[in-house]
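**Student:** Provided herewith: protein_7.txt, compact mmCIF, C-alpha atoms.
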```txt
# COMPACT_ATOMS: atom_id res chain seq x y z
CA MET A 1 185.34 -11.65 -6.90
CA ASP A 2 187.09 -13.62 -9.66
CA ARG A 3 187.74 -10.45 -11.62
CA LEU A 4 189.12 -8.77 -8.50
CA ARG A 5 191.47 -11.69 -7.95
CA SER A 6 192.67 -11.58 -11.56
CA CYS A 7 193.51 -7.89 -11.18
CA GLY A 8 195.04 -8.34 -7.74
CA TRP A 9 198.57 -8.92 -8.94
CA ILE A 10 198.41 -5.78 -11.08
CA PHE A 11 197.22 -3.80 -8.03
CA LEU A 12 200.13 -5.26 -6.04
CA LEU A 13 202.72 -4.29 -8.66
CA ILE A 14 201.34 -0.76 -8.88
CA ALA A 15 201.41 -0.39 -5.08
CA MET A 16 204.97 -1.66 -4.69
CA ALA A 17 206.44 0.18 -7.69
CA GLY A 18 204.55 3.34 -6.79
CA ASP A 19 205.87 3.28 -3.23
CA LEU A 20 209.35 3.87 -4.64
CA LEU A 21 208.66 5.80 -7.84
CA VAL A 22 206.02 8.25 -6.58
CA SER A 23 208.23 9.35 -3.70
CA LEU A 24 211.13 9.79 -6.13
CA PHE A 25 208.98 11.89 -8.47
CA LEU A 26 207.47 14.07 -5.74
CA SER A 27 210.88 14.72 -4.19
CA LEU A 28 211.76 16.68 -7.33
CA PHE A 29 209.26 19.33 -6.25
CA TYR A 30 210.44 19.53 -2.63
CA SER A 31 213.38 21.92 -2.42
CA GLY A 32 215.80 20.84 0.28
CA TYR A 33 214.52 17.29 0.45
CA ASN A 34 217.39 14.79 0.62
CA GLY A 35 216.18 11.36 -0.43
CA SER A 36 219.30 9.72 0.96
CA LYS A 37 218.96 11.14 4.46
CA MET A 38 215.25 11.87 4.81
CA SER A 39 212.52 9.26 5.13
CA ILE A 40 209.76 8.83 2.58
CA SER A 41 207.22 9.94 5.20
CA ALA A 42 208.85 13.39 5.33
CA LEU A 43 207.21 14.09 1.97
CA GLY A 44 203.88 14.14 3.81
CA SER A 45 204.99 16.44 6.63
CA PRO A 46 202.98 19.65 7.27
CA SER A 47 205.84 21.73 5.82
CA SER A 48 206.11 19.68 2.62
CA PRO A 49 204.96 21.37 -0.62
CA VAL A 50 203.91 17.97 -1.96
CA ARG A 51 202.04 16.93 1.18
CA ILE A 52 198.60 16.66 -0.45
CA PRO A 53 199.54 14.52 -3.49
CA PHE A 54 201.80 12.36 -1.32
CA ASN A 55 199.09 11.69 1.25
CA ILE A 56 196.52 10.95 -1.47
CA TRP A 57 198.95 8.46 -2.99
CA MET A 58 199.56 6.78 0.39
CA LEU A 59 195.81 6.28 0.77
CA MET A 60 195.64 4.80 -2.73
CA GLU A 61 198.66 2.60 -2.07
CA GLY A 62 197.09 1.14 1.05
CA ILE A 63 193.86 0.42 -0.82
CA LEU A 64 195.79 -1.24 -3.67
CA PHE A 65 197.58 -3.53 -1.21
CA LEU A 66 194.23 -4.51 0.32
CA LEU A 67 192.71 -5.16 -3.11
CA ALA A 68 195.64 -7.46 -3.92
CA LEU A 69 195.02 -9.74 -0.93
CA PRO A 70 192.45 -12.05 -2.62
CA ALA A 71 194.91 -12.82 -5.44
CA ILE A 72 197.75 -13.52 -3.00
CA HIS A 73 195.49 -15.72 -0.88
CA GLN A 74 194.23 -17.68 -3.87
CA SER A 75 197.76 -18.36 -5.17
CA PHE A 76 199.40 -19.51 -1.93
CA HIS A 77 196.56 -20.93 0.16
CA ARG A 78 196.75 -24.30 -1.58
CA ILE A 79 200.34 -24.70 -0.32
CA SER A 80 199.69 -23.79 3.30
CA GLY A 81 196.55 -22.10 4.52
CA GLY A 82 198.02 -21.17 7.90
CA ILE A 83 201.19 -19.50 6.59
CA THR A 84 199.22 -17.73 3.87
CA ASP A 85 196.72 -16.38 6.37
CA VAL A 86 199.53 -15.00 8.54
CA MET A 87 201.09 -13.37 5.48
CA ILE A 88 197.74 -11.84 4.50
CA VAL A 89 197.35 -10.36 7.99
CA PHE A 90 200.89 -8.92 7.89
CA ILE A 91 200.30 -7.26 4.51
CA ALA A 92 196.91 -5.92 5.63
CA ILE A 93 198.42 -4.35 8.75
CA PHE A 94 201.15 -2.80 6.61
CA ALA A 95 198.53 -1.42 4.20
CA VAL A 96 196.61 0.21 7.03
CA GLY A 97 199.39 1.14 9.45
CA ALA A 98 202.21 2.17 7.11
CA CYS A 99 200.12 3.48 4.19
CA ILE A 100 196.58 4.57 5.05
CA PHE A 101 197.52 5.93 8.51
CA THR A 102 200.23 8.01 6.81
CA CYS A 103 197.54 9.82 4.84
CA PHE A 104 195.73 10.99 7.95
CA PHE A 105 198.53 11.21 10.52
CA SER A 106 201.60 13.02 9.23
CA VAL A 107 205.09 12.81 10.66
CA ASN A 108 207.02 16.06 11.12
CA GLU A 109 210.11 16.82 9.07
CA SER A 110 212.16 17.28 12.25
CA ARG A 111 212.51 14.28 14.56
CA ASP A 112 212.55 16.66 17.53
CA VAL A 113 208.97 17.83 16.90
CA VAL A 114 206.57 15.24 18.36
CA THR A 115 202.79 15.51 18.08
CA VAL A 116 199.88 13.15 18.62
CA ALA A 117 199.65 12.69 14.85
CA SER A 118 203.36 11.85 14.56
CA LYS A 119 203.06 9.33 17.42
CA ILE A 120 200.14 7.57 15.73
CA HIS A 121 202.02 7.67 12.43
CA GLY A 122 205.12 6.23 14.06
CA ALA A 123 203.28 3.40 15.80
CA GLY A 124 201.35 2.40 12.68
CA SER A 125 204.33 2.70 10.37
CA VAL A 126 206.73 0.76 12.59
CA THR A 127 204.22 -2.02 13.23
CA GLY A 128 203.36 -2.39 9.56
CA PHE A 129 206.98 -2.14 8.43
CA VAL A 130 208.25 -4.76 10.89
CA LEU A 131 205.49 -7.22 10.03
CA PHE A 132 205.96 -6.83 6.26
CA LEU A 133 209.68 -7.40 6.80
CA PHE A 134 208.83 -11.06 7.48
CA VAL A 135 206.70 -11.48 4.35
CA PRO A 136 209.71 -12.52 2.20
CA LEU A 137 210.52 -15.20 4.79
CA LEU A 138 206.94 -16.50 4.67
CA VAL A 139 207.03 -16.47 0.87
CA ALA A 140 210.31 -18.41 1.01
CA ILE A 141 208.74 -21.06 3.26
CA LEU A 142 205.76 -21.37 0.95
CA HIS A 143 208.00 -21.81 -2.10
CA PHE A 144 210.14 -24.42 -0.34
CA LYS A 145 206.99 -26.31 0.64
CA ASP A 146 205.91 -26.11 -3.01
CA HIS A 147 209.33 -27.49 -4.06
CA ASN A 148 210.21 -24.28 -5.89
CA MET A 149 213.80 -24.11 -4.68
CA THR A 150 214.87 -21.20 -6.89
CA MET A 151 212.15 -18.85 -5.66
CA GLY A 152 212.62 -20.15 -2.14
CA VAL A 153 216.30 -19.19 -2.16
CA ILE A 154 215.58 -15.80 -3.77
CA SER A 155 212.89 -15.04 -1.19
CA ALA A 156 215.04 -16.17 1.74
CA ALA A 157 217.98 -14.08 0.49
CA SER A 158 215.65 -11.10 0.06
CA PHE A 159 214.56 -11.47 3.69
CA VAL A 160 218.16 -11.51 4.96
CA ILE A 161 219.18 -8.51 2.84
CA ALA A 162 216.03 -6.56 3.83
CA LEU A 163 216.78 -7.32 7.48
CA VAL A 164 220.31 -5.92 7.12
CA PHE A 165 219.08 -2.71 5.49
CA PHE A 166 216.29 -2.39 8.05
CA SER A 167 218.87 -2.65 10.84
CA LEU A 168 220.84 0.16 9.21
CA PHE A 169 217.59 2.15 8.87
CA VAL A 170 216.96 1.82 12.61
CA MET A 171 220.59 2.62 13.48
CA SER A 172 220.56 5.76 11.32
CA ASP A 173 218.06 7.31 13.72
CA LYS A 174 220.41 6.96 16.70
CA PRO A 175 222.44 10.01 17.84
CA GLY A 176 225.63 7.98 17.90
CA PHE A 177 225.50 7.47 14.14
CA ARG A 178 224.83 11.07 13.16
CA ASN A 179 227.13 12.35 10.40
CA THR A 180 228.50 8.87 9.70
CA VAL A 181 228.11 6.57 6.70
CA VAL A 182 225.17 4.97 8.56
CA ASP A 183 223.32 8.29 8.63
CA ARG A 184 221.37 7.53 5.45
CA GLU A 185 217.83 6.96 6.74
CA GLY A 186 216.12 7.48 3.39
CA LEU A 187 218.53 5.25 1.49
CA TRP A 188 218.25 2.34 3.93
CA GLN A 189 214.46 2.66 4.00
CA ARG A 190 214.20 2.48 0.22
CA LEU A 191 216.60 -0.47 -0.05
CA THR A 192 214.65 -2.28 2.66
CA LEU A 193 211.46 -1.78 0.66
CA VAL A 194 213.10 -3.06 -2.54
CA PHE A 195 214.03 -6.39 -0.98
CA MET A 196 210.83 -6.63 1.08
CA TYR A 197 208.84 -6.33 -2.12
CA LEU A 198 211.07 -8.38 -4.46
CA PRO A 199 209.63 -11.88 -3.82
CA LEU A 200 206.05 -10.71 -4.24
CA ALA A 201 207.01 -8.65 -7.29
CA ILE A 202 208.48 -11.73 -8.96
CA ALA A 203 205.40 -13.76 -8.03
CA ALA A 204 203.14 -11.01 -9.43
CA CYS A 205 205.03 -10.87 -12.73
CA ALA A 206 204.93 -14.65 -13.05
CA ARG A 207 201.14 -14.75 -12.52
CA TRP A 208 200.16 -11.63 -14.44
```
Rewrite the structure from the file as structure tokens, please.
**Tutor:**
Amino acid sequence: MDRLRSCGWIFLLIAMAGDLLVSLFLSLFYSGYNGSKMSISALGSPSSPVRIPFNIWMLMEGILFLLALPAIHQSFHRISGGITDVMIVFIAIFAVGACIFTCFFSVNESRDVVTVASKIHGAGSVTGFVLFLFVPLLVAILHFKDHNMTMGVISAASFVIALVFFSLFVMSDKPGFRNTVVDREGLWQRLTLVFMYLPLAIAACARW
């Protein structure tokens, strides 16, 4: 268990960096894929030529997030057990709902095509994404309680910025914003992930 905890931060960094970099790499082999306008999940759609490697990666990513939980718990539990436990649950739901579920239940490239698999994918992804969105806020509270004002401010700012980009991500899916500057689903999703992950990435680098 101690060895697993010591490696946990490395697992976390791999999962977070891979979420952005693997999708960028695989998009190079998907002709017609527009990373600015198409979601990351579209890489795993039935029509995607990179569906298999993408789905395998999503399974691995979810497992890496779960393996990182002991390290996160050990580092923050001393500050506040209750807040840390809530954060652990949020990350675990994200790992299962937004990562592992993606491997087995693919979304379709077209939003107009709805299947049972895409509904399960959507429910798991949205639930996990929304819960992880509040992780930077929880990290900020933990840092403020630990009198680490610098990291507290960085984490709080990351939460606000992630919330703004997430709002744009949600708006981009609405018919009223089609063919406008807001119609950048893939871009807003990726920027949301960057600021959702930033506080934990800094914590991981500091403890590695």
**Student:** Which residues, written as an MDAnalysis selection string, have at least one atom at most 10 Å from segment 83-99 of chain A, with only C-alpha atoms counted and residues fewer than 3 positions away on the same chain left out?
**Tutor:** chainID A and resid 15 19 41 55 57:70 72:80 102:104 120:139 141:142
**Student:** Show me, as a ChimeraX atom specification, the residues that have an atom within 8 Å of Pro199 of chain A when counting all atoms listed in the file, minus same-chain residues fewer than 4 positions from it.
**Tutor:** /A:136,139,151,154-155,158,195,203
**Student:** Between atom CA of Ala157 of chain A and atom CA of Gly81 of chain A, what is the spacing in Å?
**Tutor:**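 Interatomic distance here is 23.2 Å.
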**Student:** How far is it from atom CA of Leu20 of chain A to atom CA of Val194 of chain A, in Å with one decimal?
**Tutor:**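 Atom CA of Val194 of chain A lies at a distance of 8.2 Å from atom CA of Leu20 of chain A.
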**Student:** For a test of reading the model, state the distance in Å between atom CA of Ala71 of chain A and atom CA of Gln189 of chain A, rounded to one decimal.
**Tutor:**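 Straight-line distance from atom CA of Ala71 of chain A to atom CA of Gln189 of chain A works out to 26.7 Å.
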**Student:** Measuring between all atoms listed in the file, which one of A:Met196, A:Ala201, A:Ala17, A:Ile10 shows the shortest distance to Phe159 of chain A?
**Tutor:** A:Met196
**Student:** Out of A:Cys7, A:Ala140, A:Ile40, A:Leu21, which residue has the shortest atom-to-atom distance to Leu198 of chain A when counting only C-alpha atoms?
**Tutor:**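 The closest residue to Leu198 of chain A is A:Ala140.
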**Student:** When distances are computed from only C-alpha atoms, which of A:Gly186, A:Phe101, A:Asn179, A:Ile161 shows the smallest separation from Leu43 of chain A?
**Tutor:**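 Of A:Gly186, A:Phe101, A:Asn179, A:Ile161, the one nearest Leu43 of chain A is A:Gly186, counting only C-alpha atoms.
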**Student:** Just checking: using only C-alpha atoms, which residue out of A:Arg178, A:Arg51, A:Arg184, A:His147 ends up closest to Ser39 of chain A?
**Tutor:**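 Nearest to Ser39 of chain A: A:Arg184.
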